[in-house]
Each structure stands twice: as structure tokens, then as C-alpha cells.
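For reference, the structure discussed in these notes is given below.
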Amino acid sequence: MLKTIIKEAWISIASYKLRTFLTMLGILIGVAAVVMMVSAGQAVQLHITKSFSSMGSNRIFISPAELVTGGVRGARGLPSVTIEDVKALKNLKGVKTASYEGRSAVQVVYGSRNYGTSVYGTNPDILVVNNSEIEDGVMFTEKDVKSARPYAVIGQTMVNELFGLQNPIGKTIRLKGQPFKVIGTIKEQGDGLFGNDMDNFIYIPYTTLRQRLAGSERPKYVDMAYVVAESEDQIEAVSKRIEYLLRSRHRLKEGVKNDFQIRPMTDFINKVRNVGFILSTLLAVIASISLIVGSIGIMNMMLVSVTERTREIGTRKALGAPNNWIMMQFLAESILISFIGSFIGMIFGVIISQLAGSVLGFEVPISVWSVIVSVSVAVVVGVISGLMPALKAMRLNPIEALRYQ
Amino acid sequence: MSDSPVIEVKHLYKTYFMEGGNSQLVLKDINFTIKEGEFVAIMGPSGSGKSTLMNILGCLDLPTQGHYVLDNQDIETKDDKELALIRGKKIGFVFQNFNLMMKRTIADNVSLPLIYQRVEEKERYKRALQMLKKVGLLGYQKRPPSQISGGMQQRVAIARALVNNPAIIFADEPTGNLDSKTSNEIMDLFTELNKQGITIVLVTHEDDVANYATRMIKISDGYKVYDGLRKDYSKEKETRC
């Protein structure tokens, strides 16, 4: 029976090709829009997650506590973590390595060229923390840090902007008028999460930074410390150990707030994932407005169709069609229209989002969600928009329907 | 012709209830039986109630009062679903304006009633061809009805009425939309089918058409005023019976 009904419905909608196609178009565009929007949201999520992961998802950031008592939220407090703290952190259980940095924004000069960049005073462990590798030359050593040598290890943007085709190794650059010898370069890291240039930096020994570029009254205090956990699932345990260690080293009594804050990378990732999810949902909700419009189109078309085919309905009833059969046939027609419309819409949505992804250089995931959403939307929209016309057809009095001109 | 009644109508009344509480008595105390193999013309001027009687006989409507037995089934106790089933199994309809589906093939039109009997597609097609052969239209099965003449379209409708092997065929002004030559052809076809044993009830207001029937029932003002052989009918013999 079901097969016959579907076949009858198919023949019916196929005999009004243009009308069926135009009606279908509403649902098609709606589903395509939903699929594209969901894909866009997921692509952003994926992109962000990947960017974070490439930076190392098992990193933990330790910075001075935020000044939350008045003032600008997010403003940092005084440096509270020392190089000695970091050395102690490095020996904690579950910790792969730890590093630290002090920062200064400078104009770097080489010959007649100059370029704005960030200088990080740090130690050799920063390479592990940032997942960076030496491209050419060498990284400065712990010994170089101790003796505050004027060595610089530079990112690829520095190489390109300052040296062009020249080999930078052994050349001398100037930071705030101070000469630094380039001893190594770091492999390209690509664009960051927000399109920022991840290769525009210079590493110098921390001590050198403090002595020559950014003097401090408390030179032993770092702007930011990094801990790398041995694995992502140890992050929580390691974070707790860090807190315990730092509190005891800073001699914080019970009840006193931390003078530092610990933020695992996974926190960022989860936050961003949430934002991505909300974004996807929001986009999908907006896109589904077009689905509503599409389903109104189907309902409208089906109502016209029922009126137009009143005599046919009367004839079918006279020839023995039970009421529920008539209802099922019209319901099947609207479900078929929305099903085919959503199926094509889904294919279009996937193709367009893949094309857009490849043009814009984003990886766009094809999600099962697209399929589930479009199929369930098809059925729901078909039933909702077909129900009223189908009931109308079912309730037609055969005598009056046969008389209908 | 056997003696078993296909239709038995006893004390049949039909009242239409209008909006506002008014009611109109359309059929009053109608009694008759139609036996298997009869060819009956139901006649009457417009507004006489003959269409209402036809609708009740065709199981499209229920009487307000009285008994109607079709092929040993009490009709007045049936609900919509059972009525649809009875229409599909026991009745063949032929309409004045053919009521064919113009976008479908002739074979699809003929086999339509079989869908509701849940007959398989192949069997439906086979039966449609048999019926088309009966009405002289074999070879047209794949065309749409719009490509054939009105007379042929009515033949298709007759084939459709025959396809479920019904106990009775109701033809409501079957020649109303046809010219006289084609009308005669259609009526000849009915006569031929009747000779093969098919019971036919014809509703018409045309004397020429009614002449093909053997028996005539005349309705006037909701009453049966004549029931007898068509050839014996004369205006003077009318009486509320």
C-alpha cells in the first residue's frame, strides 16, 4: 500500500513539473542554507581548535593574577612568578618542561631596513613550549642566558623582512640601538588563530632583555610562565600541583587569594568550542527561517492542488478510495516534495560549502549532522505543511466533490 | 437473469437539514427491488430527488430513514470506511463528465479502482487491458485521455466501472456531454454489457436514452410515480406508488 501511495504521489507531483520544482526550490534553498551555515560554524570551530592544538593543547599558562578589585578587568597585576618558580615547576610530576618570558615591543633595524616586532626574553625551553623548531643555526643555551649574551633567534617574518635572500646567521641586528647577533632562525609557523603573524618575533636570552632592552626593578620576575604537561589528560592534575607549589613558594596563607593565575590551554579550547557551537546554532536558526518560508510555500501549493483536484478526489472516493488513503496520498506528495527538495538542498549545501572552503582555504568538515538535519527537516516540513491540505482533501464530501466545476 | 435482488429499497426517506434549522424532505417512502441482470432507468425532472436517490444507491450518501440492502449488505448501518470499501468492490460508476484523470494514461485511469482493492500493479494493468478490449479501446492504453474523443473517454470510464467486476453499474447521465451519434454508441455498449449479465442503473432525463433500458423508475417530487417496463410507460400511468 505504501509503495503504491508513494508511486501515485510521485506521478502526481511529476505531472506538474514547473510548479513542483518552484515549490521544491523553497525547501532546497532553506536546507542548503542550513547546511552551509552549520558547515561554516563547524569550519570555524575546527579551524580554531586546530590552531590551538598546533600551539600545543597541553600547555598551561601562568600569569600574574588579574586585578579584579576595581579598575579595568583583565588588567594584570604585578609580576609574581619568578624564574626560580619556573625552575621548581619544571621538576613537578607530570610536567614535560616549563619556560617563561618577558616581553618588549621594539623596532628592529638591520642596515637600512627596519620592522616592528615583539622581542621575547626567554630560555631555550621555549622551543618545546611553542612547538617550534630551529630552521637554521642554533638556539641560545642556558649558559647564554646566564651570561646575558646579545644573541637573537628570529622568526621567518624577520628573515624575510630584514634579510630577503641573504643568510641571516652571523649578521648583527639592532634593537633599541643595541647590537644583537643572529645565531638561529625558527621554522615557519603560519598564520595564527586570528590571522596574526606567528613568525614575527625575536627570541633573546631573558637576562639580556632585562639588562639591555626592558629593565625592571624586579628582574627575576617574569611576565608569563609556561608549563607543558606530559599529556592533555594530566592537565588538571598538573594545574593543581602548580597551584599548590606556587602558593607554598609565595607563602600565601589560607584564605589569601592567589597572586597568579593558571589557565590551561584546554580552557581556551573549550571556550572557543562553545563559542563555535553557539555560532553554528545561531547561524542554523537564522537559516531555518528560510525553511519556514519554504514550508509555507509547500502548504500553499498543496492547498491549491487540493482545490484544483476536488473532482479527482471525489472520483477517487466514489471509486472506493478510503478517506485515510486520500489523506496519505496528499501527505505523501508534500513529504516527497520536501524530501527531494531537502536532499538536493543538502547536496548543494555540501558542495557549495566545500567549494567555499577550498577557495577561502578553510577545511570544511562534512558532518553527518547535515544529513540528519536535512532528512528530519524534510519529514517534519512535509508532514506539517501537508497535513492541513491532506485533511482538507480527506474531509471533502464525495458528492459535492464530484459536482465541483 | 436470476431472481436474486441486487438492490432492495424499503421505505426509504431522505431529509436534508439546512443551516438555520430548516429541513427538506427529498425522498419519501421509496420502495423497489432491482434484480441481477436488470437494466433500469431512473428518470425524473431536475429537483425530483433522482440524484439523491442515485447517491444513496451508489453508497455516497446514507438514507435518513428506511432500509437499503445492496448485494446482501445492509448499507444504512455502515460507516464511511465501510461504504468506501463497498463502493470499491460492488459498484461501478459512470459519470456525465467522465471524471478521468487527464494527466494519467488510459490504462492508469481504468485500473484506478483496483488500487484501493490492493491489487498488484501487473495484475491491475492486465485487468485494465481486458476491460479496454471489452469497450473496444485496446491499443489506446498508453495514451492520455486528452488525445481521444469524448465518446471514447466515456468508454474508458465504462471500462473503469467494469474493472472491479462490480455487482452493479450506476451511470449518471452518461450521455449528457455527448452528441446523439456518440450517445447511441455508448448506449449500445451498455445494452451489450447488460446482455452479458451486468446489472445497470441509469439516471437520465432523456427519453431516447431511457429507451435503451428495459425497466423504468420515475421519481417526481420525492415520490416514486412509476415503476414498470419502459415500453409500457405513459404519462397517464404515473401514480404515487
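Residues in the C-alpha cells are named by chain (A, B, ... in the order shown) and by number from 1 within that chain; ligands are numbered from 1 in the order shown.
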Restrict the calculation to only C-alpha atoms, then for each residue of chain A with any atom at most 8 Å from an atom of chain B give the closest atom pair and their distance in Å to one decimal, rows by chain and rising residue number, as a Markdown table.
```
| residue | atom | partner | partner_atom | distance |
| --- | --- | --- | --- | --- |
| A:Met1 | CA | B:Arg118 | CA | 6.8 |
| A:Thr4 | CA | B:Ile115 | CA | 7.6 |
| A:Ser15 | CA | B:Lys103 | CA | 6.5 |
| A:Arg311 | CA | B:Asn99 | CA | 7.1 |
| A:Glu312 | CA | B:Met101 | CA | 6.8 |
| A:Thr315 | CA | B:Asn99 | CA | 6.5 |
| A:Arg316 | CA | B:Pro113 | CA | 7.6 |
| A:Lys317 | CA | B:Ala84 | CA | 6.8 |
| A:Ala318 | CA | B:Arg87 | CA | 6.5 |
| A:Leu319 | CA | B:Gly88 | CA | 5.3 |
| A:Gly320 | CA | B:Gly88 | CA | 3.7 |
| A:Ala321 | CA | B:Tyr116 | CA | 5.6 |
| A:Pro322 | CA | B:Ala84 | CA | 5.4 |
| A:Asn323 | CA | B:Lys81 | CA | 7.0 |
| A:Pro398 | CA | B:Leu60 | CA | 6.7 |
| A:Ile399 | CA | B:Leu60 | CA | 6.6 |
```
Give me the residues near Thr20 (chain A) as an NGL selection string, where near means some atom within 12 Å (using only C-alpha atoms) and where sequence neighbours in that chain fewer than 4 positions away do not count. :A and (9-16 or 24-28 or 297-302 or 305 or 333-334 or 336-338 or 340-341)
Within 6 Å of region 376-390 of chain A using only C-alpha atoms, minus same-chain residues under 3 positions, as a compact mmCIF listing (two decimals) with C-alpha atoms, in the first residue's frame:
```
# COMPACT_ATOMS: atom_id res chain seq x y z
CA SER A 295 7.29 25.02 4.05
CA MET A 299 1.43 24.23 2.15
CA MET A 302 -0.83 21.71 -1.69
CA LEU A 303 -3.92 23.72 -0.77
CA MET A 327 -5.07 11.81 3.22
CA PHE A 330 -1.65 14.17 -0.30
CA LEU A 331 0.63 13.85 2.70
CA SER A 334 4.11 17.09 0.29
CA ILE A 335 6.62 14.84 2.04
CA SER A 338 10.14 18.40 0.77
CA PHE A 339 12.22 15.23 0.88
CA SER A 342 15.97 18.84 1.12
CA VAL A 373 19.09 17.64 9.86
CA ALA A 393 -8.86 16.57 0.93
```
Counting only C-alpha atoms, the residue among B:Ile30, B:Ile200, B:Ile168, B:Val209 that lies closest to Asn184 (chain B) is B:Val209
For CA of Ala33 (chain A) and CA of Val275 (chain A), determine how far apart the two atoms are, in Å to one decimal place. 20.2 Å
Please report, as a list in words, each residue of region 42-162 of chain B to which DSSP assigns strand (DSSP E) when run on this structure's backbone. Ile42, Met43, Gln65, Gly66, His67, Tyr68, Val69, Leu70, Gln73, Asp74, Ile91, Gly92, Phe93 and Val94 of chain B
Which of region 224-285 of chain A counts as alpha helix (DSSP H) under DSSP, as an MDAnalysis selection string please? chainID A and resid 235:249 265:285
N, CA and C atoms of the current selection, written as a compact mmCIF listing (two decimals), in the first residue's frame:
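So the final result, stored in result_27.txt, reads:
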```
# COMPACT_ATOMS: atom_id res chain seq x y z
N ILE A 235 46.47 17.51 32.48
CA ILE A 235 46.47 18.96 32.68
C ILE A 235 45.85 19.37 34.01
N GLU A 236 44.74 18.73 34.35
CA GLU A 236 44.05 19.13 35.57
C GLU A 236 44.91 18.86 36.80
N ALA A 237 45.48 17.65 36.84
CA ALA A 237 46.31 17.27 37.98
C ALA A 237 47.52 18.19 38.08
N VAL A 238 48.14 18.43 36.94
CA VAL A 238 49.34 19.28 36.92
C VAL A 238 48.98 20.69 37.38
N SER A 239 47.83 21.20 36.92
CA SER A 239 47.40 22.55 37.32
C SER A 239 47.29 22.65 38.84
N LYS A 240 46.72 21.59 39.43
CA LYS A 240 46.57 21.60 40.90
C LYS A 240 47.93 21.63 41.59
N ARG A 241 48.85 20.81 41.05
CA ARG A 241 50.19 20.76 41.65
C ARG A 241 50.88 22.12 41.53
N ILE A 242 50.68 22.75 40.38
CA ILE A 242 51.29 24.07 40.17
C ILE A 242 50.77 25.06 41.22
N GLU A 243 49.44 25.01 41.37
CA GLU A 243 48.84 25.95 42.33
C GLU A 243 49.41 25.73 43.73
N TYR A 244 49.47 24.44 44.12
CA TYR A 244 49.96 24.11 45.45
C TYR A 244 51.40 24.59 45.62
N LEU A 245 52.21 24.29 44.61
CA LEU A 245 53.64 24.65 44.69
C LEU A 245 53.82 26.16 44.76
N LEU A 246 53.10 26.88 43.87
CA LEU A 246 53.30 28.33 43.83
C LEU A 246 52.79 28.99 45.11
N ARG A 247 51.66 28.47 45.62
CA ARG A 247 51.14 29.06 46.87
C ARG A 247 52.14 28.89 48.00
N SER A 248 52.77 27.70 48.07
CA SER A 248 53.71 27.49 49.16
C SER A 248 54.99 28.30 48.93
N ARG A 249 55.40 28.40 47.67
CA ARG A 249 56.61 29.20 47.39
C ARG A 249 56.36 30.68 47.64
N MET A 265 45.50 25.47 28.45
CA MET A 265 45.12 25.67 27.05
C MET A 265 43.74 25.07 26.77
N THR A 266 43.47 23.93 27.44
CA THR A 266 42.19 23.25 27.20
C THR A 266 41.01 24.16 27.55
N ASP A 267 41.22 25.06 28.55
CA ASP A 267 40.16 26.01 28.89
C ASP A 267 39.83 26.88 27.69
N PHE A 268 40.89 27.39 27.07
CA PHE A 268 40.68 28.23 25.88
C PHE A 268 39.95 27.44 24.81
N ILE A 269 40.46 26.22 24.60
CA ILE A 269 39.89 25.41 23.52
C ILE A 269 38.41 25.17 23.77
N ASN A 270 38.07 24.82 25.02
CA ASN A 270 36.66 24.56 25.32
C ASN A 270 35.81 25.81 25.14
N LYS A 271 36.37 26.94 25.61
CA LYS A 271 35.63 28.18 25.47
C LYS A 271 35.35 28.46 23.99
N VAL A 272 36.41 28.29 23.22
CA VAL A 272 36.28 28.58 21.79
C VAL A 272 35.32 27.59 21.13
N ARG A 273 35.40 26.33 21.57
CA ARG A 273 34.47 25.33 21.03
C ARG A 273 33.05 25.74 21.34
N ASN A 274 32.83 26.20 22.55
CA ASN A 274 31.49 26.64 22.92
C ASN A 274 31.03 27.79 22.04
N VAL A 275 31.93 28.75 21.86
CA VAL A 275 31.58 29.89 21.01
C VAL A 275 31.24 29.39 19.61
N GLY A 276 32.05 28.46 19.12
CA GLY A 276 31.80 27.91 17.78
C GLY A 276 30.46 27.22 17.72
N PHE A 277 30.13 26.49 18.78
CA PHE A 277 28.86 25.77 18.80
C PHE A 277 27.69 26.75 18.80
N ILE A 278 27.83 27.77 19.65
CA ILE A 278 26.77 28.78 19.70
C ILE A 278 26.63 29.45 18.34
N LEU A 279 27.76 29.74 17.73
CA LEU A 279 27.77 30.36 16.41
C LEU A 279 27.04 29.48 15.39
N SER A 280 27.40 28.18 15.37
CA SER A 280 26.74 27.24 14.44
C SER A 280 25.25 27.23 14.66
N THR A 281 24.86 27.12 15.93
CA THR A 281 23.44 27.02 16.24
C THR A 281 22.70 28.28 15.79
N LEU A 282 23.32 29.41 16.11
CA LEU A 282 22.71 30.68 15.75
C LEU A 282 22.52 30.78 14.24
N LEU A 283 23.58 30.44 13.51
CA LEU A 283 23.51 30.50 12.05
C LEU A 283 22.42 29.56 11.53
N ALA A 284 22.37 28.36 12.13
CA ALA A 284 21.38 27.38 11.67
C ALA A 284 19.97 27.88 11.94
N VAL A 285 19.79 28.53 13.10
CA VAL A 285 18.47 29.04 13.45
C VAL A 285 18.05 30.12 12.44
```
Pick from B:Ile169, B:Ile186, B:Met216, B:Val9 nearest to Ile198 (chain B), counting only C-alpha atoms: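 The shortest atom-to-atom distance to Ile198 (chain B) comes from B:Ile169.
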Neighbour list for Leu178 (chain B) as number ranges by chain, cut-off 12 Å, only C-alpha atoms, skip fewer than 3 positions in-chain: B: 95-98, 149-155, 173-175, 181-187, 209
Write out as a PyMOL selection string the residues lying within 6 Å of Gln156 (chain A), counting only C-alpha atoms and excluding same-chain residues fewer than 2 positions away. chain A and resi 158-159+188+199
Long-range neighbours of region 348-362 of chain A as an MDAnalysis selection string, 10 Å cut-off, only C-alpha atoms, 2 positions minimum in chain: chainID A and resid 28:40 43:44 46:47 342:346 364:367 370:371
